[in-house]
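Student: Structure file entry-v8.tsv, TSV, C-alpha atoms and all ligand atoms, is pasted below:
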```
chain	number	residue	atom	x	y	z
A	1	MET	CA	-5.85	20.42	-29.85
A	2	ALA	CA	-3.00	22.93	-29.92
A	3	TYR	CA	-0.77	23.62	-32.88
A	4	LEU	CA	2.82	24.68	-33.45
A	5	ILE	CA	3.73	28.18	-34.57
A	6	SER	CA	6.28	28.40	-37.40
A	7	LEU	CA	8.79	31.06	-36.40
A	8	SER	CA	10.26	33.60	-38.80
A	9	ARG	CA	11.47	37.17	-38.87
A	10	ARG	CA	7.87	38.42	-39.33
A	11	LEU	CA	7.07	37.11	-35.88
A	12	ARG	CA	9.42	39.19	-33.82
A	13	GLU	CA	11.48	37.92	-30.88
A	14	THR	CA	11.93	40.18	-27.86
A	15	PRO	CA	15.02	41.23	-25.86
A	16	PHE	CA	13.97	38.63	-23.25
A	17	THR	CA	13.34	35.66	-25.60
A	18	PRO	CA	16.62	33.92	-24.57
A	19	GLY	CA	15.47	34.02	-20.91
A	20	VAL	CA	11.88	33.01	-21.69
A	21	GLU	CA	13.03	29.99	-23.72
A	22	ALA	CA	15.75	28.92	-21.25
A	23	THR	CA	13.13	28.87	-18.45
A	24	GLY	CA	10.76	26.60	-20.35
A	25	VAL	CA	7.98	28.57	-22.04
A	26	LYS	CA	5.31	26.05	-23.14
A	27	ALA	CA	3.10	28.16	-25.44
A	28	TYR	CA	3.16	31.45	-27.28
A	29	THR	CA	0.51	33.60	-28.89
A	30	VAL	CA	1.10	36.40	-31.39
A	31	TYR	CA	0.42	40.02	-30.40
A	32	ASN	CA	1.51	43.07	-32.38
A	33	ARG	CA	3.43	40.68	-34.67
A	34	MET	CA	5.58	39.63	-31.72
A	35	LEU	CA	5.85	36.57	-29.44
A	36	LEU	CA	3.84	36.65	-26.21
A	37	PRO	CA	4.23	33.69	-23.82
A	38	THR	CA	0.89	32.27	-22.57
A	39	VAL	CA	1.93	29.24	-20.47
A	40	PHE	CA	4.99	28.21	-18.46
A	41	GLU	CA	4.08	25.35	-16.03
A	42	ASP	CA	0.39	25.04	-16.95
A	43	MET	CA	-2.29	27.71	-16.79
A	44	GLU	CA	-3.58	26.72	-13.31
A	45	SER	CA	-0.14	26.37	-11.69
A	46	ASP	CA	0.91	29.70	-13.23
A	47	TYR	CA	-2.30	31.22	-11.80
A	48	HIS	CA	-1.76	29.97	-8.23
A	49	HIS	CA	1.89	31.04	-8.31
A	50	LEU	CA	0.97	34.55	-9.57
A	51	LYS	CA	-1.50	34.99	-6.69
A	52	GLU	CA	1.01	33.85	-4.03
A	53	HIS	CA	4.51	34.82	-5.11
A	54	VAL	CA	6.11	37.01	-7.80
A	55	GLN	CA	6.54	36.57	-11.54
A	56	VAL	CA	8.58	38.28	-14.23
A	57	TRP	CA	6.62	38.75	-17.48
A	58	ASP	CA	8.00	39.43	-20.95
A	59	VAL	CA	5.32	41.86	-22.16
A	60	SER	CA	7.49	43.40	-24.89
A	61	VAL	CA	4.42	42.99	-27.14
A	62	GLU	CA	3.01	46.05	-25.37
A	63	ARG	CA	4.85	48.06	-28.04
A	64	GLN	CA	5.34	51.78	-27.57
A	65	ILE	CA	4.37	54.45	-30.06
A	66	GLU	CA	6.42	57.56	-29.40
A	67	LEU	CA	5.04	61.02	-30.25
A	68	ASN	CA	7.93	63.45	-30.33
A	69	GLY	CA	7.78	67.12	-31.33
A	70	ALA	CA	6.11	70.46	-30.75
A	71	ASP	CA	2.60	69.12	-31.58
A	72	ALA	CA	2.87	65.87	-29.59
A	73	ALA	CA	0.40	66.92	-26.87
A	74	ARG	CA	-2.11	68.13	-29.46
A	75	LEU	CA	-1.87	64.83	-31.36
A	76	MET	CA	-2.20	62.81	-28.14
A	77	GLN	CA	-5.43	64.64	-27.24
A	78	MET	CA	-6.79	64.19	-30.80
A	79	LEU	CA	-6.35	60.44	-30.33
A	80	THR	CA	-8.44	59.99	-27.18
A	81	PRO	CA	-11.71	61.21	-25.63
A	82	ARG	CA	-10.02	61.14	-22.19
A	83	ASP	CA	-9.25	64.67	-20.95
A	84	LEU	CA	-5.44	64.90	-20.72
A	85	ARG	CA	-5.17	68.59	-19.85
A	86	LYS	CA	-4.40	67.96	-16.17
A	87	MET	CA	-2.21	64.88	-16.67
A	88	GLN	CA	0.98	65.09	-14.57
A	89	LEU	CA	4.49	64.18	-15.75
A	90	ASP	CA	4.65	61.09	-13.51
A	91	GLN	CA	1.21	59.72	-14.46
A	92	CYS	CA	0.11	56.79	-16.59
A	93	HIS	CA	-3.38	57.02	-18.10
A	94	TYR	CA	-5.56	54.26	-19.54
A	95	VAL	CA	-6.76	55.93	-22.77
A	96	PRO	CA	-9.40	54.51	-25.13
A	97	ILE	CA	-8.52	55.36	-28.75
A	98	VAL	CA	-11.51	55.73	-31.08
A	99	ASP	CA	-12.10	56.40	-34.78
A	100	GLU	CA	-14.35	59.10	-36.29
A	101	ASN	CA	-17.43	56.99	-35.50
A	102	GLY	CA	-16.42	56.57	-31.86
A	103	LYS	CA	-15.41	52.92	-32.35
A	104	MET	CA	-12.51	51.38	-30.40
A	105	LEU	CA	-9.18	51.14	-32.24
A	106	ASN	CA	-7.05	50.26	-29.18
A	107	ASP	CA	-7.02	50.63	-25.37
A	108	PRO	CA	-3.44	51.58	-24.47
A	109	VAL	CA	-1.72	53.06	-21.45
A	110	ALA	CA	-0.22	56.50	-22.16
A	111	ILE	CA	2.85	57.92	-20.44
A	112	LYS	CA	3.70	61.60	-20.60
A	113	HIS	CA	7.44	62.39	-20.49
A	114	SER	CA	6.89	66.07	-21.34
A	115	ASP	CA	4.41	68.04	-23.47
A	116	ALA	CA	6.60	67.25	-26.47
A	117	ARG	CA	7.21	63.55	-25.77
A	118	TRP	CA	4.68	60.76	-25.10
A	119	TRP	CA	4.61	56.97	-25.20
A	120	ILE	CA	1.47	55.01	-26.04
A	121	SER	CA	1.75	51.41	-24.78
A	122	ILE	CA	-0.53	49.65	-27.21
A	123	ALA	CA	-2.80	46.60	-27.21
A	124	ASP	CA	-3.00	44.28	-30.24
A	125	SER	CA	-3.90	46.44	-33.26
A	126	ASP	CA	-1.84	48.33	-35.87
A	127	LEU	CA	-2.28	51.68	-34.17
A	128	LEU	CA	1.00	53.13	-35.51
A	129	PHE	CA	-0.56	53.53	-38.99
A	130	TRP	CA	-3.57	55.42	-37.61
A	131	VAL	CA	-1.39	57.77	-35.54
A	132	LYS	CA	1.04	58.48	-38.41
A	133	GLY	CA	-1.86	59.06	-40.81
A	134	LEU	CA	-3.58	61.44	-38.41
A	135	ALA	CA	-0.37	63.44	-37.84
A	136	LEU	CA	0.30	63.66	-41.58
A	137	GLY	CA	-3.29	64.55	-42.47
A	138	ALA	CA	-3.46	67.29	-39.83
A	139	GLY	CA	-0.07	68.68	-40.86
A	140	LEU	CA	1.33	68.35	-37.33
A	141	ASP	CA	4.93	68.99	-36.30
A	142	VAL	CA	5.57	65.62	-34.65
A	143	ASN	CA	7.55	62.43	-35.28
A	144	VAL	CA	5.63	59.18	-34.76
A	145	PHE	CA	7.61	55.93	-34.48
A	146	GLU	CA	8.10	52.70	-32.53
A	147	PRO	CA	11.13	53.17	-30.25
A	148	ASP	CA	13.36	50.31	-28.99
A	149	VAL	CA	11.40	49.97	-25.74
A	150	SER	CA	10.16	46.67	-24.27
A	151	PRO	CA	8.11	46.48	-21.07
A	152	LEU	CA	9.02	43.83	-18.51
A	153	ALA	CA	6.34	43.33	-15.83
A	154	VAL	CA	6.97	42.18	-12.26
A	155	GLN	CA	3.61	41.00	-10.87
A	156	GLY	CA	2.33	39.33	-7.72
A	157	PRO	CA	2.14	39.99	-3.96
A	158	LYS	CA	5.93	39.77	-3.55
A	159	SER	CA	6.66	42.15	-6.45
A	160	GLY	CA	7.52	45.05	-4.12
A	161	ALA	CA	10.06	42.92	-2.24
A	162	LEU	CA	11.75	41.82	-5.46
A	163	MET	CA	11.77	45.29	-7.04
A	164	GLU	CA	13.33	46.80	-3.91
A	165	ARG	CA	16.26	44.39	-4.16
A	166	VAL	CA	17.03	45.43	-7.75
A	167	PHE	CA	16.02	49.12	-7.79
A	168	GLY	CA	16.21	50.16	-4.10
A	169	PRO	CA	13.56	51.19	-1.55
A	170	ASP	CA	12.39	54.17	-3.64
A	171	VAL	CA	10.19	51.75	-5.63
A	172	HIS	CA	7.77	51.88	-2.70
A	173	ASP	CA	7.21	55.61	-3.31
A	174	ILE	CA	5.63	54.92	-6.71
A	175	ARG	CA	1.84	55.01	-6.38
A	176	PHE	CA	-0.65	53.10	-8.61
A	177	PHE	CA	-0.49	54.32	-12.23
A	178	ARG	CA	2.45	56.64	-11.48
A	179	HIS	CA	6.03	56.22	-12.71
A	180	LYS	CA	9.55	57.21	-11.78
A	181	ARG	CA	12.98	56.91	-13.44
A	182	MET	CA	15.07	54.32	-11.58
A	183	ALA	CA	18.79	53.50	-11.97
A	184	PHE	CA	19.95	50.05	-13.10
A	185	MET	CA	23.67	49.27	-13.68
A	186	ASP	CA	24.99	52.02	-16.01
A	187	THR	CA	21.53	53.07	-17.23
A	188	SER	CA	18.02	53.92	-15.94
A	189	PHE	CA	14.46	52.95	-16.83
A	190	ILE	CA	10.97	54.33	-16.40
A	191	VAL	CA	9.35	52.13	-13.75
A	192	ALA	CA	5.55	52.28	-13.35
A	193	ARG	CA	3.25	50.81	-10.71
A	194	SER	CA	0.93	49.04	-13.16
A	195	GLY	CA	0.44	45.79	-15.02
A	196	TYR	CA	-2.08	43.44	-16.56
A	197	SER	CA	-3.10	41.67	-13.33
A	198	LYS	CA	-4.79	42.69	-10.08
A	199	GLN	CA	-2.13	41.01	-7.91
A	200	GLY	CA	-0.08	44.22	-7.66
A	201	GLY	CA	3.16	45.01	-9.42
A	202	TYR	CA	5.36	47.08	-11.64
A	203	GLU	CA	6.22	47.56	-15.29
A	204	ILE	CA	9.79	48.41	-16.30
A	205	TYR	CA	10.01	50.15	-19.69
A	206	VAL	CA	13.34	48.73	-20.89
A	207	ALA	CA	14.76	51.24	-23.39
A	208	GLY	CA	17.61	49.61	-25.33
A	209	SER	CA	17.29	45.90	-26.16
A	210	GLN	CA	20.87	45.28	-24.98
A	211	HIS	CA	19.71	45.90	-21.39
A	212	GLY	CA	17.01	43.21	-21.54
A	213	MET	CA	18.86	40.07	-20.49
A	214	PRO	CA	21.04	41.79	-17.82
A	215	LEU	CA	17.80	43.02	-16.16
A	216	TRP	CA	16.09	39.63	-16.56
A	217	ASP	CA	19.08	37.87	-14.94
A	218	ALA	CA	19.31	40.43	-12.11
A	219	LEU	CA	15.61	39.91	-11.22
A	220	PHE	CA	15.90	36.11	-11.15
A	221	LYS	CA	19.13	36.20	-9.11
A	222	ALA	CA	17.68	38.65	-6.57
A	223	GLY	CA	14.42	36.70	-6.25
A	224	GLU	CA	15.66	33.13	-5.71
A	225	ASP	CA	14.38	32.96	-2.11
A	226	LEU	CA	11.11	34.71	-3.11
A	227	ASN	CA	10.27	31.80	-5.43
A	228	VAL	CA	10.36	34.13	-8.46
A	229	ARG	CA	9.28	32.47	-11.72
A	230	PRO	CA	8.77	33.51	-15.31
A	231	GLY	CA	5.10	34.20	-16.03
A	232	CYS	CA	2.77	35.94	-18.45
A	233	PRO	CA	-0.65	37.54	-18.45
A	234	ASN	CA	-2.80	34.71	-17.09
A	235	LEU	CA	-6.19	34.14	-18.72
A	236	ILE	CA	-7.91	32.94	-15.52
A	237	GLU	CA	-6.64	35.82	-13.38
A	238	ARG	CA	-7.40	38.49	-16.00
A	239	VAL	CA	-10.99	37.28	-16.44
A	240	GLU	CA	-11.49	37.20	-12.65
A	241	SER	CA	-10.12	40.77	-12.63
A	242	GLY	CA	-12.18	42.04	-15.58
A	243	LEU	CA	-9.12	43.23	-17.51
A	244	LEU	CA	-10.27	43.60	-21.11
A	245	SER	CA	-8.41	42.17	-24.08
A	246	TYR	CA	-8.68	44.13	-27.34
A	247	GLY	CA	-9.55	41.77	-30.20
A	248	ASN	CA	-11.22	39.37	-27.76
A	249	ASP	CA	-13.61	41.27	-25.48
A	250	MET	CA	-13.98	44.29	-27.75
A	251	THR	CA	-13.16	45.14	-31.35
A	252	MET	CA	-13.56	47.98	-33.82
A	253	ASP	CA	-17.32	47.19	-33.70
A	254	ASN	CA	-17.57	48.49	-30.13
A	255	THR	CA	-17.60	51.89	-28.44
A	256	PRO	CA	-15.85	52.77	-25.16
A	257	LEU	CA	-19.25	53.07	-23.44
A	258	GLU	CA	-20.06	49.51	-24.44
A	259	CYS	CA	-16.70	48.48	-22.98
A	260	GLY	CA	-17.46	50.09	-19.62
A	261	LEU	CA	-14.85	52.77	-20.32
A	262	GLY	CA	-17.36	55.63	-20.20
A	263	LYS	CA	-15.64	57.11	-17.15
A	264	TYR	CA	-12.63	57.93	-19.37
A	265	CYS	CA	-14.82	59.54	-22.04
A	266	LYS	CA	-16.95	62.19	-20.32
A	267	PRO	CA	-17.83	64.78	-22.98
A	268	VAL	CA	-15.85	67.96	-22.19
A	269	GLU	CA	-16.65	71.38	-23.64
A	270	GLY	CA	-13.97	72.44	-26.15
A	271	LEU	CA	-11.90	69.22	-26.02
A	272	GLU	CA	-10.69	68.47	-29.56
A	273	HIS	CA	-10.51	64.76	-30.33
A	274	VAL	CA	-11.54	62.34	-33.06
A	275	GLY	CA	-15.00	60.80	-32.55
A	276	ARG	CA	-16.34	63.60	-30.36
A	277	GLU	CA	-19.78	63.94	-31.97
A	278	ALA	CA	-20.39	60.18	-32.14
A	279	LEU	CA	-19.50	59.70	-28.47
A	280	ALA	CA	-21.57	62.69	-27.34
A	281	LEU	CA	-24.59	61.21	-29.13
A	282	GLU	CA	-24.05	57.79	-27.57
A	283	ALA	CA	-23.56	59.32	-24.11
A	284	ALA	CA	-26.96	61.02	-24.50
A	285	LEU	CA	-28.77	57.89	-25.72
A	286	GLY	CA	-26.88	55.33	-23.62
A	287	PRO	CA	-25.02	52.30	-25.04
A	288	GLU	CA	-27.00	49.45	-26.67
A	289	ARG	CA	-24.86	46.73	-25.06
A	290	GLN	CA	-22.21	46.55	-22.40
A	291	ILE	CA	-19.40	44.39	-20.99
A	292	ARG	CA	-20.44	42.25	-18.05
A	293	ALA	CA	-18.94	39.64	-15.74
A	294	ILE	CA	-20.71	36.35	-16.46
A	295	SER	CA	-20.54	33.12	-14.49
A	296	ILE	CA	-21.21	29.93	-16.42
A	297	LEU	CA	-22.60	27.05	-14.38
A	298	GLY	CA	-21.48	23.43	-14.52
A	299	GLU	CA	-18.16	21.70	-14.95
A	300	ALA	CA	-14.95	23.26	-16.25
A	301	LEU	CA	-15.16	24.63	-19.79
A	302	GLY	CA	-12.36	25.09	-22.32
A	303	HIS	CA	-11.22	28.54	-23.39
A	304	ALA	CA	-13.28	30.51	-25.91
A	305	ARG	CA	-11.75	30.39	-29.37
A	306	THR	CA	-14.79	32.11	-30.90
A	307	ALA	CA	-17.58	34.22	-29.40
A	308	TRP	CA	-20.19	32.04	-27.64
A	309	PRO	CA	-23.79	33.26	-28.14
A	310	LEU	CA	-25.80	34.28	-25.06
A	311	ILE	CA	-29.45	33.31	-25.32
A	312	GLU	CA	-32.63	34.39	-23.52
A	313	ASP	CA	-36.06	33.02	-24.51
A	314	GLY	CA	-34.55	31.65	-27.73
A	315	ALA	CA	-33.15	35.01	-28.86
A	316	ARG	CA	-29.50	36.02	-29.04
A	317	VAL	CA	-28.88	38.79	-26.49
A	318	GLY	CA	-25.09	38.95	-26.46
A	319	GLN	CA	-21.93	36.87	-26.44
A	320	VAL	CA	-19.21	35.50	-24.17
A	321	THR	CA	-15.76	36.48	-25.44
A	322	SER	CA	-13.37	35.14	-22.74
A	323	ALA	CA	-13.93	32.24	-20.35
A	324	ALA	CA	-11.93	30.05	-17.97
A	325	TRP	CA	-12.46	27.70	-15.04
A	326	SER	CA	-11.52	29.52	-11.81
A	327	PRO	CA	-9.96	27.24	-9.20
A	328	ASP	CA	-10.42	29.88	-6.46
A	329	PHE	CA	-14.08	30.71	-7.19
A	330	ARG	CA	-15.07	27.16	-8.24
A	331	THR	CA	-17.02	28.35	-11.28
A	332	ASN	CA	-16.43	29.22	-14.91
A	333	VAL	CA	-15.62	32.94	-14.98
A	334	ALA	CA	-16.29	34.88	-18.17
A	335	ILE	CA	-16.40	38.27	-19.84
A	336	GLY	CA	-19.33	38.96	-22.15
A	337	MET	CA	-21.08	41.73	-24.06
A	338	VAL	CA	-24.80	41.81	-23.18
A	339	ASP	CA	-27.64	43.79	-24.77
A	340	ALA	CA	-29.50	46.42	-22.70
A	341	VAL	CA	-32.55	45.05	-20.80
A	342	HIS	CA	-30.78	41.68	-20.33
A	343	TRP	CA	-27.68	43.03	-18.57
A	344	SER	CA	-28.80	43.54	-14.95
A	345	PRO	CA	-27.12	41.52	-12.18
A	346	GLY	CA	-28.80	38.17	-11.60
A	347	THR	CA	-30.25	37.84	-15.11
A	348	GLU	CA	-30.45	34.16	-16.08
A	349	LEU	CA	-29.24	33.37	-19.58
A	350	PHE	CA	-28.01	30.39	-21.58
A	351	VAL	CA	-24.70	30.25	-23.38
A	352	GLU	CA	-23.90	28.09	-26.42
A	353	THR	CA	-20.47	26.57	-25.74
A	354	PRO	CA	-18.60	23.93	-27.76
A	355	GLN	CA	-19.38	21.65	-24.78
A	356	GLY	CA	-23.13	22.26	-25.13
A	357	LEU	CA	-25.75	24.68	-23.84
A	358	ARG	CA	-25.01	25.96	-20.31
A	359	GLU	CA	-26.80	28.14	-17.80
A	360	ALA	CA	-25.16	31.51	-17.19
A	361	ARG	CA	-25.68	34.42	-14.79
A	362	VAL	CA	-24.98	38.11	-15.31
A	363	ARG	CA	-22.99	39.46	-12.35
A	364	GLY	CA	-22.79	42.96	-10.86
A	365	ARG	CA	-18.99	42.92	-10.63
A	366	PHE	CA	-15.88	40.93	-11.50
A	367	TRP	CA	-14.29	38.56	-8.99
A	368	ASN	CA	-10.95	40.19	-8.01
A	401	LIG	N1	0.40	47.73	-19.51
A	401	LIG	C1	1.03	48.45	-20.47
A	401	LIG	N2	0.63	48.41	-21.74
A	401	LIG	C2	-0.41	47.63	-22.09
A	401	LIG	C3	-1.12	46.87	-21.14
A	401	LIG	C4	-0.67	46.93	-19.79
A	401	LIG	N3	-0.80	47.58	-23.39
A	401	LIG	C5	-1.71	46.55	-23.82
A	401	LIG	C6	-2.82	46.30	-22.81
A	401	LIG	N4	-2.22	46.11	-21.49
A	401	LIG	C7	-3.76	47.47	-22.80
A	401	LIG	N5	-4.96	47.22	-22.02
A	401	LIG	C8	-5.06	47.50	-20.67
A	401	LIG	C9	-6.19	47.06	-19.99
A	401	LIG	C10	-6.32	47.33	-18.63
A	401	LIG	C11	-5.34	48.02	-17.96
A	401	LIG	C12	-4.22	48.45	-18.64
A	401	LIG	C13	-4.09	48.20	-19.99
A	401	LIG	C14	-5.45	48.35	-16.51
A	401	LIG	N6	-6.66	48.64	-16.02
A	401	LIG	C15	-6.86	48.88	-14.60
A	401	LIG	C16	-8.28	48.43	-14.26
A	401	LIG	O1	-9.08	48.28	-15.17
A	401	LIG	O2	-8.53	48.22	-13.09
A	401	LIG	C17	-6.62	50.31	-14.17
A	401	LIG	C18	-7.15	51.38	-15.03
A	401	LIG	C19	-6.99	52.79	-14.46
A	401	LIG	O3	-6.88	52.94	-13.24
A	401	LIG	O4	-6.97	53.76	-15.23
A	401	LIG	O5	-4.46	48.34	-15.79
A	401	LIG	O6	-1.20	46.27	-18.88
A	401	LIG	N7	2.08	49.22	-20.14
```
Render the structure in this file as structure tokens.

Tutor:
Amino acid sequence: MAYLISLSRRLRETPFTPGVEATGVKAYTVYNRMLLPTVFEDMESDYHHLKEHVQVWDVSVERQIELNGADAARLMQMLTPRDLRKMQLDQCHYVPIVDENGKMLNDPVAIKHSDARWWISIADSDLLFWVKGLALGAGLDVNVFEPDVSPLAVQGPKSGALMERVFGPDVHDIRFFRHKRMAFMDTSFIVARSGYSKQGGYEIYVAGSQHGMPLWDALFKAGEDLNVRPGCPNLIERVESGLLSYGNDMTMDNTPLECGLGKYCKPVEGLEHVGREALALEAALGPERQIRAISILGEALGHARTAWPLIEDGARVGQVTSAAWSPDFRTNVAIGMVDAVHWSPGTELFVETPQGLREARVRGRFWN
């Protein structure tokens, strides 16, 4: 059963909502108090189209937090265990944000405009309050606010072809997780080679809501013969790809090591950030549980609305937090958090689903 969402001002529209609704969005979720499309045709058709063609995604819900001022770089480094000292001006960095106990508060992508100006492209948690509180408490010279910036993603194997038609051939010079300012009509946008799929693509950081629909229309006009369609982060593709969803696959109860993000959190001598001692201790002891790819045997399952317990010899040894039937891999693909000892590839477990007890296997890697 699915339900209707009652719309109001609390649940923010985006600059692209007129386009999304004119092209037949079928379902929304709520993310950062804003509308995020989840289905256009149906989840499987959207999935096949994403893997073959090109889609335009309204991911405005990836809200930006801007740090602006003399202490912006210092604040940015306080926020994350990832070493930012060598970060270049055209780089994007995936940056776990942790609290004083080393627990995950968000897993955003950071963009550095200059030492004095950063954007944090956040996942679904109220990170703005944490960042403002930290800046105030530490007496830093920095403004922290949500600017009028809305990412629009262009994803899929034909994304390069479509982007070239709208922004010119220089889009091909942008390497993975790098960005470049590109002209559009009488303005310009930061364009990054990134996005929440493993099908390849770009994210356009649309600064100024008034530019949203002109850009949306230009992309659809230029892509007619490329079979461009509206799309959205696709549950099946993201689980196959092992792209984590904050609030689903990890919460404030988890550490970055548990989330498999240890490579972004190597303890560095003299690096000043919140949660340093807690993470150093955990790095020495090793995490107690960790994210794993899980395949669930048997016929197609529904999507996980709650965590599904993972069981071995009658004891709970973890949970499945995202699951979907994969048409390409002909199995139920899933993301789970599994306790140490039970987490090696090939381990045979059971999972309690709303459709009954199923056999599950821990895998060594994700599918895409
Ligand atoms: N793009 C932007 N903002 C975002 C997301 C995004 N904010 C919300 C959410 N997504 C944040 N979470 C993620 C999770 C995974 C990735 C990006 C943001 C990601 N990971 C790659 C991977 O795991 O293979 C690459 C990581 C790396 O190379 O550092 O892309 O999607 N703007």

Student: Residues of range 131-160 of chain A within 7 Å of range 179-199 of chain A: nearest atom pair and distance (Å, one decimal) for each, counting only C-alpha atoms, sorted by chain and number, as a tab-separated table?

Tutor:
```
residue	atom	partner	partner_atom	distance
A:Ala153	CA	A:Gly195	CA	6.4
A:Gln155	CA	A:Gln199	CA	6.5
A:Gly156	CA	A:Gln199	CA	4.8
A:Pro157	CA	A:Gln199	CA	5.9
```

Student: Which residue gives the smallest distance to ligand LIG 401 (chain A) among A:Pro108, A:Gly69, A:Gly298, A:Pro147, with all atoms listed in the file counted?

Tutor: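 The answer is A:Pro108, which sits nearest to ligand LIG 401 (chain A).
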
Student: Using all atoms listed in the file, pick whichever of A:Pro37, A:Gly137, A:Gly336, A:Gly270 has the shortest atom-to-atom distance to Arg289 in chain A.

Tutor: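 Ranking A:Pro37, A:Gly137, A:Gly336, A:Gly270 by distance to Arg289 in chain A, first place goes to A:Gly336.
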
Student: Counting only C-alpha atoms and all ligand atoms, what are the residues of chain A within 9 Å of ligand LIG 401 (chain A), and for each of them which pair of atoms is the nearest and at what distance in Å, to one decimal? Sort the table by chain and rising number, as a Markdown table.

Tutor:
```
| residue | atom | partner | partner_atom | distance |
| --- | --- | --- | --- | --- |
| A:Val59 | CA | A:LIG401 | C1 | 8.0 |
| A:Val61 | CA | A:LIG401 | C5 | 7.8 |
| A:Glu62 | CA | A:LIG401 | N3 | 4.6 |
| A:Arg63 | CA | A:LIG401 | N3 | 7.3 |
| A:Gln64 | CA | A:LIG401 | N2 | 8.2 |
| A:Cys92 | CA | A:LIG401 | O4 | 7.8 |
| A:His93 | CA | A:LIG401 | O4 | 5.6 |
| A:Tyr94 | CA | A:LIG401 | O4 | 4.6 |
| A:Val95 | CA | A:LIG401 | O4 | 7.8 |
| A:Asn106 | CA | A:LIG401 | C7 | 7.7 |
| A:Asp107 | CA | A:LIG401 | N5 | 5.2 |
| A:Pro108 | CA | A:LIG401 | C7 | 4.4 |
| A:Val109 | CA | A:LIG401 | N2 | 5.2 |
| A:Ala110 | CA | A:LIG401 | N7 | 7.9 |
| A:Ile111 | CA | A:LIG401 | N7 | 8.7 |
| A:Ile120 | CA | A:LIG401 | N2 | 7.9 |
| A:Ser121 | CA | A:LIG401 | N2 | 4.4 |
| A:Ile122 | CA | A:LIG401 | N3 | 4.4 |
| A:Ala123 | CA | A:LIG401 | C5 | 3.6 |
| A:Asp124 | CA | A:LIG401 | C5 | 6.9 |
| A:Pro151 | CA | A:LIG401 | N7 | 6.7 |
| A:Leu152 | CA | A:LIG401 | N7 | 8.9 |
| A:Ala153 | CA | A:LIG401 | N1 | 8.3 |
| A:Phe176 | CA | A:LIG401 | O3 | 7.8 |
| A:Phe177 | CA | A:LIG401 | O3 | 6.6 |
| A:Ala192 | CA | A:LIG401 | N7 | 8.2 |
| A:Ser194 | CA | A:LIG401 | O5 | 6.0 |
| A:Gly195 | CA | A:LIG401 | O6 | 4.2 |
| A:Tyr196 | CA | A:LIG401 | O6 | 3.8 |
| A:Ser197 | CA | A:LIG401 | O5 | 7.2 |
| A:Lys198 | CA | A:LIG401 | O2 | 7.3 |
| A:Glu203 | CA | A:LIG401 | N7 | 6.6 |
| A:Ile204 | CA | A:LIG401 | N7 | 8.7 |
| A:Tyr205 | CA | A:LIG401 | N7 | 8.0 |
| A:Pro233 | CA | A:LIG401 | O6 | 8.8 |
| A:Ser241 | CA | A:LIG401 | O2 | 7.6 |
| A:Gly242 | CA | A:LIG401 | O1 | 7.0 |
| A:Leu243 | CA | A:LIG401 | C10 | 5.1 |
| A:Leu244 | CA | A:LIG401 | C9 | 5.5 |
| A:Ser245 | CA | A:LIG401 | N5 | 6.5 |
| A:Tyr246 | CA | A:LIG401 | N5 | 7.2 |
| A:Leu261 | CA | A:LIG401 | O1 | 8.9 |
| A:Tyr264 | CA | A:LIG401 | O4 | 8.2 |
```

Student: Select, from A:Thr17, A:Ile294, A:Gly314, A:Ser322, the residue with the minimum atom-to-atom distance to Ala360 in chain A, counting all atoms listed in the file.

Tutor: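 So, comparing all the options, the nearest one is A:Ile294.
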
Student: Kindly indicate which residue among A:Thr347, A:Gln55, A:Ser326, A:Thr353 lies nearest to Asn368 in chain A, using only C-alpha atoms for the distances.

Tutor: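 Smallest separation from Asn368 in chain A among the options: A:Ser326.
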
Student: Quick check, in Å to one decimal: how far apart do CA of Met213 in chain A and CA of Val228 in chain A lie?

Tutor: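 Pair CA of Met213 in chain A / CA of Val228 in chain A returns 15.9 Å.
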
Student: Provide the CA of Arg12 in chain A to CA of Asp126 in chain A distance in Å, to one decimal place.

Tutor: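 Result for CA of Arg12 in chain A versus CA of Asp126 in chain A: 14.6 Å, one decimal.
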
Student: Can you pull out the residues contacting Ala135 in chain A? Cut-off 12 Å, using all atoms listed in the file, and skip same-chain residues under 5 positions away; I want them as JSON, numbers by chain.

Tutor: {"A": [67, 68, 69, 70, 71, 72, 73, 74, 75, 76, 77, 78, 79, 128, 129, 130, 140, 141, 142, 143, 144, 145]}
